[in-house]
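Peer 1: Provided below: final-v9.txt, containing compact mmCIF, C-alpha atoms.
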# COMPACT_ATOMS: atom_id res chain seq x y z
CA MET H 354 5.73 15.83 -17.79
CA TYR H 355 4.48 16.08 -21.32
CA LEU H 356 5.68 14.52 -24.55
CA THR H 357 7.24 16.35 -27.46
CA GLY H 358 4.85 16.76 -30.38
CA GLU H 359 1.20 15.79 -30.41
CA GLN H 360 0.14 13.77 -27.38
CA PRO H 361 -2.41 10.99 -27.79
CA ALA H 362 -5.50 11.27 -25.59
CA TYR H 363 -4.55 8.28 -23.45
CA ALA H 364 -1.18 9.91 -22.68
CA ASP H 365 -2.93 13.13 -21.63
CA GLN H 366 -5.09 11.24 -19.15
CA LEU H 367 -2.13 9.39 -17.65
CA ILE H 368 0.02 12.53 -17.46
CA ASN H 369 -2.71 14.43 -15.62
CA HIS H 370 -2.87 11.61 -13.08
CA LEU H 371 0.91 11.36 -12.67
CA GLN H 372 1.25 15.12 -12.27
CA SER H 373 -0.79 15.02 -9.08
CA LEU H 374 1.41 12.40 -7.37
CA PRO H 375 4.71 14.13 -6.43
CA GLY H 376 2.96 16.69 -4.20
CA GLN H 377 1.26 13.84 -2.33
CA LEU H 378 4.55 11.96 -1.97
CA LEU H 379 6.29 14.99 -0.46
CA GLU H 380 3.59 15.89 2.08
CA GLY H 381 5.14 16.11 5.55
CA LEU H 382 8.75 16.01 4.33
CA GLU H 383 11.04 19.00 4.83
CA PRO H 384 13.29 20.15 1.95
CA SER H 385 17.02 19.59 2.42
CA GLY H 386 17.86 23.21 1.61
CA PRO H 387 16.66 26.43 -0.01
CA THR H 388 15.06 26.45 -3.44
CA LEU H 389 17.59 26.64 -6.29
CA GLU H 390 17.18 28.71 -9.44
CA ILE H 391 18.97 27.60 -12.59
CA ALA H 392 18.94 28.89 -16.17
CA ASP H 393 20.67 28.41 -19.53
CA LEU H 394 22.16 24.97 -18.84
CA GLN H 395 22.75 22.24 -21.44
CA ASP H 396 23.21 19.42 -18.91
CA VAL H 397 21.25 20.21 -15.76
CA CYS H 398 21.99 16.99 -13.85
CA ALA H 399 25.75 17.42 -14.30
CA GLN H 400 25.48 20.63 -12.26
CA LEU H 401 23.44 19.12 -9.40
CA PRO H 402 24.46 16.79 -6.53
CA GLY H 403 23.56 13.16 -7.20
CA ASN H 404 22.29 12.54 -3.66
CA GLN H 405 19.34 14.91 -4.09
CA LEU H 406 15.95 14.80 -5.77
CA TYR H 407 14.27 17.99 -6.94
CA PHE H 408 10.65 19.09 -7.07
CA ILE H 409 10.13 21.52 -9.95
CA GLU H 410 8.36 24.59 -8.53
CA SER H 411 8.33 26.47 -11.84
CA GLY H 412 9.93 26.40 -15.26
CA LEU H 413 10.54 23.81 -17.97
CA LEU H 414 13.28 21.21 -18.54
CA GLN H 415 13.68 19.64 -21.97
CA ALA H 416 14.73 15.97 -22.02
CA ARG H 417 16.74 14.62 -24.95
CA VAL H 418 17.44 10.95 -25.69
CA ASP H 419 20.13 10.24 -28.31
CA GLU H 420 20.15 13.99 -29.02
CA ARG H 421 16.45 13.93 -29.90
CA PRO H 422 13.91 15.93 -27.86
CA VAL H 423 11.44 13.43 -26.36
CA PHE H 424 9.64 15.05 -23.41
CA PHE H 425 9.57 17.97 -20.98
CA LEU H 426 9.52 18.07 -17.19
CA CYS H 427 7.48 20.95 -15.83
CA GLU H 428 5.99 22.34 -12.62
CA GLY H 429 5.03 19.53 -10.25
CA ASP H 430 7.47 16.94 -11.63
CA LEU H 431 10.35 15.24 -9.81
CA LEU H 432 13.86 15.40 -11.24
CA GLY H 433 16.49 12.76 -10.44
CA LEU H 434 14.48 9.52 -10.25
CA ARG H 435 16.07 7.87 -13.27
CA GLN H 436 19.27 6.90 -11.45
CA GLY H 437 19.65 3.13 -11.27
CA ILE H 438 16.82 2.42 -13.72
CA ASP H 439 17.60 0.72 -17.03
CA LEU H 440 16.42 3.47 -19.37
CA PRO H 441 18.12 5.20 -22.31
CA ASP H 442 20.53 7.98 -21.36
CA CYS H 443 18.65 11.24 -20.99
CA GLN H 444 20.02 14.79 -20.85
CA TYR H 445 18.03 17.69 -19.41
CA SER H 446 18.51 21.28 -20.50
CA CYS H 447 16.85 24.62 -19.82
CA GLU H 448 16.96 28.12 -21.28
CA ASP H 449 14.63 30.13 -19.07
CA PRO H 450 14.83 30.09 -15.25
CA VAL H 451 13.74 26.92 -13.44
CA ARG H 452 13.14 26.74 -9.67
CA LEU H 453 14.04 23.44 -7.98
CA ARG H 454 13.19 22.50 -4.39
CA PRO H 455 15.80 19.97 -3.13
CA TYR H 456 15.13 16.87 -1.04
CA SER H 457 17.57 14.34 0.35
CA ARG H 458 17.29 11.21 -1.77
CA ASN H 459 17.59 8.89 1.24
CA ALA H 460 15.15 10.93 3.34
CA LEU H 461 12.58 10.96 0.53
CA PHE H 462 12.76 7.20 0.02
CA SER H 463 12.47 6.59 3.76
CA HIS H 464 9.45 8.92 3.86
CA ILE H 465 7.79 7.10 0.97
CA HIS H 466 8.43 3.62 2.32
CA ALA H 467 7.10 4.49 5.76
CA ASP H 468 3.57 4.56 4.36
CA ILE H 469 1.87 1.91 2.20
CA GLN H 470 -0.23 4.44 0.31
CA ARG H 471 2.85 6.50 -0.58
CA GLN H 472 4.58 3.31 -1.73
CA GLU H 473 1.72 2.55 -4.10
CA LEU H 474 1.65 6.14 -5.42
CA PHE H 475 5.41 6.06 -5.95
CA THR H 476 5.15 2.78 -7.87
CA GLN H 477 2.44 4.30 -10.06
CA TYR H 478 4.59 7.37 -10.70
CA LEU H 479 7.74 5.47 -11.67
CA ILE H 480 5.99 2.91 -13.86
CA GLY H 481 3.88 5.63 -15.47
CA GLN H 482 7.01 7.61 -16.36
CA ILE H 483 8.63 4.50 -17.85
CA GLY H 484 5.49 3.75 -19.87
CA LEU H 485 5.28 7.28 -21.25
CA LEU H 486 8.95 7.26 -22.25
CA SER H 487 8.65 3.83 -23.89
CA ASP H 488 5.64 5.05 -25.85
CA ALA H 489 7.37 8.28 -26.90
CA LEU H 490 10.44 6.41 -28.11
CA ALA H 491 8.30 3.88 -29.96
CA ARG H 492 6.43 6.63 -31.81
CA LEU H 493 9.75 8.21 -32.88
CA ARG H 494 10.82 5.02 -34.66
CA GLN H 495 9.66 3.87 -38.07
CA PRO H 496 6.31 2.04 -37.79
CA GLU H 497 7.77 -1.29 -38.94
CA LEU H 498 10.44 -1.06 -36.21
CA ARG H 499 8.20 -0.09 -33.32
CA PRO H 500 8.32 -2.52 -30.40
CA SER H 501 5.21 -3.82 -28.67
CA THR H 502 5.75 -1.54 -25.67
CA GLY H 503 4.36 1.81 -24.58
CA PHE H 504 0.57 1.78 -24.97
CA GLN H 505 -1.64 -0.79 -26.66
CA HIS H 506 -5.36 -0.82 -27.33
CA PHE H 507 -7.68 -3.81 -27.05
CA ALA H 508 -11.30 -4.20 -28.09
CA ALA H 509 -13.81 -5.94 -25.82
CA GLY H 510 -13.20 -9.69 -26.01
CA GLU H 511 -9.53 -9.45 -27.01
CA GLU H 512 -6.83 -11.20 -25.00
CA LEU H 513 -4.33 -8.99 -23.21
CA ILE H 514 -2.23 -11.95 -22.10
CA HIS H 515 -2.67 -15.70 -22.64
CA GLN H 516 -2.23 -18.48 -20.12
CA GLY H 517 0.89 -20.51 -20.88
CA ASP H 518 2.72 -17.78 -22.81
CA GLU H 519 6.15 -16.48 -21.81
CA ALA H 520 6.17 -13.34 -19.64
CA ASP H 521 7.93 -10.56 -21.58
CA ASN H 522 6.08 -7.53 -20.19
CA VAL H 523 4.20 -6.14 -17.20
CA PHE H 524 0.91 -4.30 -17.78
CA ILE H 525 -1.25 -1.57 -16.30
CA ILE H 526 -4.78 -0.77 -17.49
CA VAL H 527 -4.93 2.97 -18.16
CA GLU H 528 -8.53 2.91 -19.33
CA GLY H 529 -11.06 0.10 -19.28
CA HIS H 530 -11.62 -3.17 -17.43
CA ALA H 531 -10.60 -6.79 -17.95
CA GLU H 532 -11.23 -10.22 -16.45
CA ALA H 533 -8.81 -13.02 -15.53
CA PHE H 534 -9.44 -16.68 -16.44
CA VAL H 535 -7.63 -19.86 -15.43
CA ASP H 536 -8.33 -22.96 -17.53
CA GLY H 537 -11.38 -21.16 -18.92
CA HIS H 538 -12.85 -20.31 -15.50
CA ARG H 539 -13.24 -16.68 -14.48
CA VAL H 540 -11.18 -16.00 -11.34
CA GLY H 541 -11.25 -12.23 -10.95
CA ASP H 542 -11.27 -8.69 -12.32
CA VAL H 543 -8.44 -6.42 -13.44
CA GLN H 544 -9.32 -2.82 -12.68
CA LYS H 545 -8.08 0.51 -14.01
CA ASP H 546 -4.58 1.46 -12.67
CA GLU H 547 -3.96 -2.14 -11.56
CA ILE H 548 -0.59 -3.78 -12.30
CA PHE H 549 -0.93 -7.29 -13.74
CA GLY H 550 1.38 -9.82 -15.34
CA ALA H 551 4.13 -9.15 -12.78
CA MET H 552 4.00 -12.50 -10.96
CA ALA H 553 5.28 -14.49 -13.96
CA VAL H 554 8.01 -11.90 -14.48
CA PHE H 555 9.12 -12.32 -10.86
CA THR H 556 9.04 -16.13 -10.94
CA GLY H 557 10.25 -16.70 -14.52
CA GLU H 558 7.32 -19.07 -15.11
CA LEU H 559 4.77 -19.04 -17.91
CA ARG H 560 1.61 -16.94 -17.63
CA SER H 561 -0.71 -18.50 -15.05
CA ALA H 562 -3.90 -16.89 -16.40
CA THR H 563 -5.52 -15.41 -19.47
CA VAL H 564 -6.66 -11.79 -19.21
CA ILE H 565 -9.46 -10.67 -21.56
CA ALA H 566 -10.78 -7.15 -22.05
CA SER H 567 -14.41 -6.94 -20.90
CA GLU H 568 -14.66 -3.48 -22.51
CA PRO H 569 -12.31 -1.43 -24.74
CA CYS H 570 -8.99 -1.03 -22.92
CA THR H 571 -5.86 1.08 -23.19
CA VAL H 572 -2.96 -0.76 -21.57
CA MET H 573 0.49 0.49 -20.63
CA VAL H 574 3.13 -2.12 -21.47
CA ILE H 575 6.41 -2.16 -19.49
CA PRO H 576 9.24 -4.35 -20.87
CA LYS H 577 10.35 -7.06 -18.44
CA GLU H 578 13.95 -5.80 -18.34
CA GLN H 579 12.91 -2.25 -17.39
CA PHE H 580 10.48 -3.51 -14.77
CA ILE H 581 13.10 -5.78 -13.17
CA SER H 582 15.64 -2.94 -13.25
CA LEU H 583 13.14 -0.73 -11.45
CA MET H 584 12.60 -3.38 -8.79
CA HIS H 585 16.36 -3.92 -8.33
CA SER H 586 17.05 -0.19 -8.02
CA ASN H 587 14.45 0.11 -5.28
CA PRO H 588 13.81 -3.20 -3.48
CA ARG H 589 11.20 -1.64 -1.17
CA ILE H 590 9.06 -0.93 -4.24
CA ALA H 591 9.31 -4.63 -5.09
CA HIS H 592 8.33 -5.51 -1.51
CA SER H 593 5.26 -3.25 -1.71
CA LEU H 594 4.23 -4.76 -5.04
CA ILE H 595 4.67 -8.32 -3.77
CA GLU H 596 2.47 -7.49 -0.76
CA SER H 597 -0.18 -6.16 -3.15
CA LEU H 598 0.04 -9.33 -5.27
CA ALA H 599 -0.24 -11.47 -2.14
CA ARG H 600 -3.41 -9.62 -1.09
CA ARG H 601 -4.88 -10.18 -4.56
CA ILE H 602 -4.02 -13.90 -4.47
CA ARG H 603 -5.64 -14.20 -1.03
CA LEU H 604 -8.84 -12.61 -2.35
CA LEU H 605 -8.83 -14.92 -5.39
CA ASN H 606 -8.37 -17.94 -3.14
CA GLN H 607 -11.36 -16.82 -1.07
CA GLU H 608 -13.43 -16.45 -4.23
CA VAL H 609 -12.42 -19.93 -5.45
CA THR H 610 -13.28 -21.42 -2.03
CA GLN H 611 -16.72 -19.78 -2.10
CA LEU H 612 -17.36 -21.07 -5.63
CA ARG H 613 -16.40 -24.61 -4.60
CA SER H 614 -18.62 -24.44 -1.52
CA ALA H 615 -21.57 -23.23 -3.61
CA ARG H 616 -20.98 -26.01 -6.14
CA ASP H 617 -20.76 -28.72 -3.48
CA ALA H 618 -23.80 -27.46 -1.55
For this file, produce the structure as structure tokens.

Peer 2:
Amino acid sequence: MYLTGEQPAYADQLINHLQSLPGQLLEGLEPSGPTLEIADLQDVCAQLPGNQLYFIESGLLQARVDERPVFFLCEGDLLGLRQGIDLPDCQYSCEDPVRLRPYSRNALFSHIHADIQRQELFTQYLIGQIGLLSDALARLRQPELRPSTGFQHFAAGEELIHQGDEADNVFIIVEGHAEAFVDGHRVGDVQKDEIFGAMAVFTGELRSATVIASEPCTVMVIPKEQFISLMHSNPRIAHSLIESLARRIRLLNQEVTQLRSARDA
């Protein structure tokens, strides 16, 4: 995937990472049929079965949103993942030949969810695609109308989220590092590629911690509605993310217990 027009450096870095994921997701899974070759189509998805996903072996698909070219899918991308996700309508077209390797949608999801590492890679891929599209759409709008989604930049010492605020977005650090604080006490780190801010979105409660950039950060911002739609369309992704959050909470509890023991010693 790459965006129409000039791509910012942070988008290049994320795209390079995302491009490596589909091949890893498909390892060990047999295609559902022979490779297809298509060309000169104005609405590619209308010509393909809805129960299949497609790995792009070669060629280029242009994606248009509201009749405006926004991004391209290219070799190594997956086609067909947008079904069931609350995103703007998107139409794919191609002029030159494109080769598509088909996979059963159900078989692919079962393959992904059979392995925790594949689940995490799949979550990264989907959320990364949503973040890139949100950013591309935001940059197409007039500056005064741009929403606070897509990618944001924070200097060291700036707050990414504030304890007690409403939870409108979920975040992923694309570059940089941050620290989490509860009532002014440091309780943990937020590393690159880590999802944060999701717990309050799941529970509907206010933010339980403040997150502050410990160095300059580029952060991908996913609107709450899109994130919840993604979780609803694929509950096993939500289950994997909740397990990851539970592991993080357990580690934070251990850290708090150690701090209390050291203080009381």

Peer 1: Per residue of region 438-486 of chain H within 10 Å of region 520-533 of chain H, note the shortest atom pair and the distance in Å to one decimal, counting all atoms listed in the file, and order the rows by chain and increasing residue number, as a tab-separated table.

Peer 2:
residue	atom	partner	partner_atom	distance
H:Gln477	CA	H:Ile525	CA	9.3
H:Ile480	CA	H:Ile525	CA	8.9
H:Gly481	CA	H:Ile525	CA	8.9
H:Gly484	CA	H:Ile525	CA	9.3

Peer 1: For Val535 (chain H), which of H:Val564, H:Val572, H:Glu512, H:Thr556 is the closest residue, counting all atoms listed in the file?

Peer 2: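 Going through H:Val564, H:Val572, H:Glu512, H:Thr556 one by one, the smallest distance to Val535 (chain H) is for H:Val564.
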
Peer 1: When you count all atoms listed in the file, which of these residues is closest to Glu473 (chain H): H:Gln377, H:Thr388, H:Asn404, H:Gln579?

Peer 2: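 Answer, going by the shortest atom-to-atom distance: H:Gln377.
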
Peer 1: Can you pull out every residue within 6 Å of region 559-562 of chain H, counting all atoms listed in the file, but drop anything in the same chain fewer than 5 positions away, and send it as a list in words?

Peer 2: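 My list of contacting residues is Gln516, Gly517, Asp518, Glu519, Phe534, Val535 and Ala553 of chain H.
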
Peer 1: If you keep C-alpha atoms, can you produce a file of those selected residues as a PDB file, in the frame of the given file?

Peer 2:
ATOM      1  CA  GLN H 516      -2.230 -18.480 -20.120  1.00  0.00           C
ATOM      2  CA  GLY H 517       0.890 -20.510 -20.880  1.00  0.00           C
ATOM      3  CA  ASP H 518       2.720 -17.780 -22.810  1.00  0.00           C
ATOM      4  CA  GLU H 519       6.150 -16.480 -21.810  1.00  0.00           C
ATOM      5  CA  PHE H 534      -9.440 -16.680 -16.440  1.00  0.00           C
ATOM      6  CA  VAL H 535      -7.630 -19.860 -15.430  1.00  0.00           C
ATOM      7  CA  ALA H 553       5.280 -14.490 -13.960  1.00  0.00           C
TER       8      ALA H 553
END

Peer 1: Can you tell me how far CA of Cys427 (chain H) sits from CA of Met354 (chain H), in Å to one decimal?

Peer 2: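 Here the two named atoms are 5.8 Å from each other.
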
Peer 1: Work out how far CA of Glu420 (chain H) is from CA of Phe504 (chain H), in Å to one decimal.

Peer 2: 23.4 Å

Peer 1: Between H:Ala392, H:Val554, H:Ala566, H:Cys443, single out the one closest to Glu578 (chain H), counting only C-alpha atoms.

Peer 2: H:Val554

Peer 1: My list of candidates is H:Ile565, H:Cys570, H:Ile469, H:Val540. Which is closest to His515 (chain H) when distances are computed with all atoms listed in the file?

Peer 2: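 The closest residue to His515 (chain H) is H:Ile565.
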
Peer 1: Anything within 12 Å of (12.3, 23.7, 3.1): list those residues as a PyMOL selection string, counting all atoms listed in the file and sticking to the file's coordinates.

Peer 2: chain H and resi 379-389+407-408+453-457

Peer 1: Quick one, how far is CA of Gly537 (chain H) from CA of Pro576 (chain H)?

Peer 2: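 About the pair CA of Gly537 (chain H) and CA of Pro576 (chain H): they are 26.7 Å apart.
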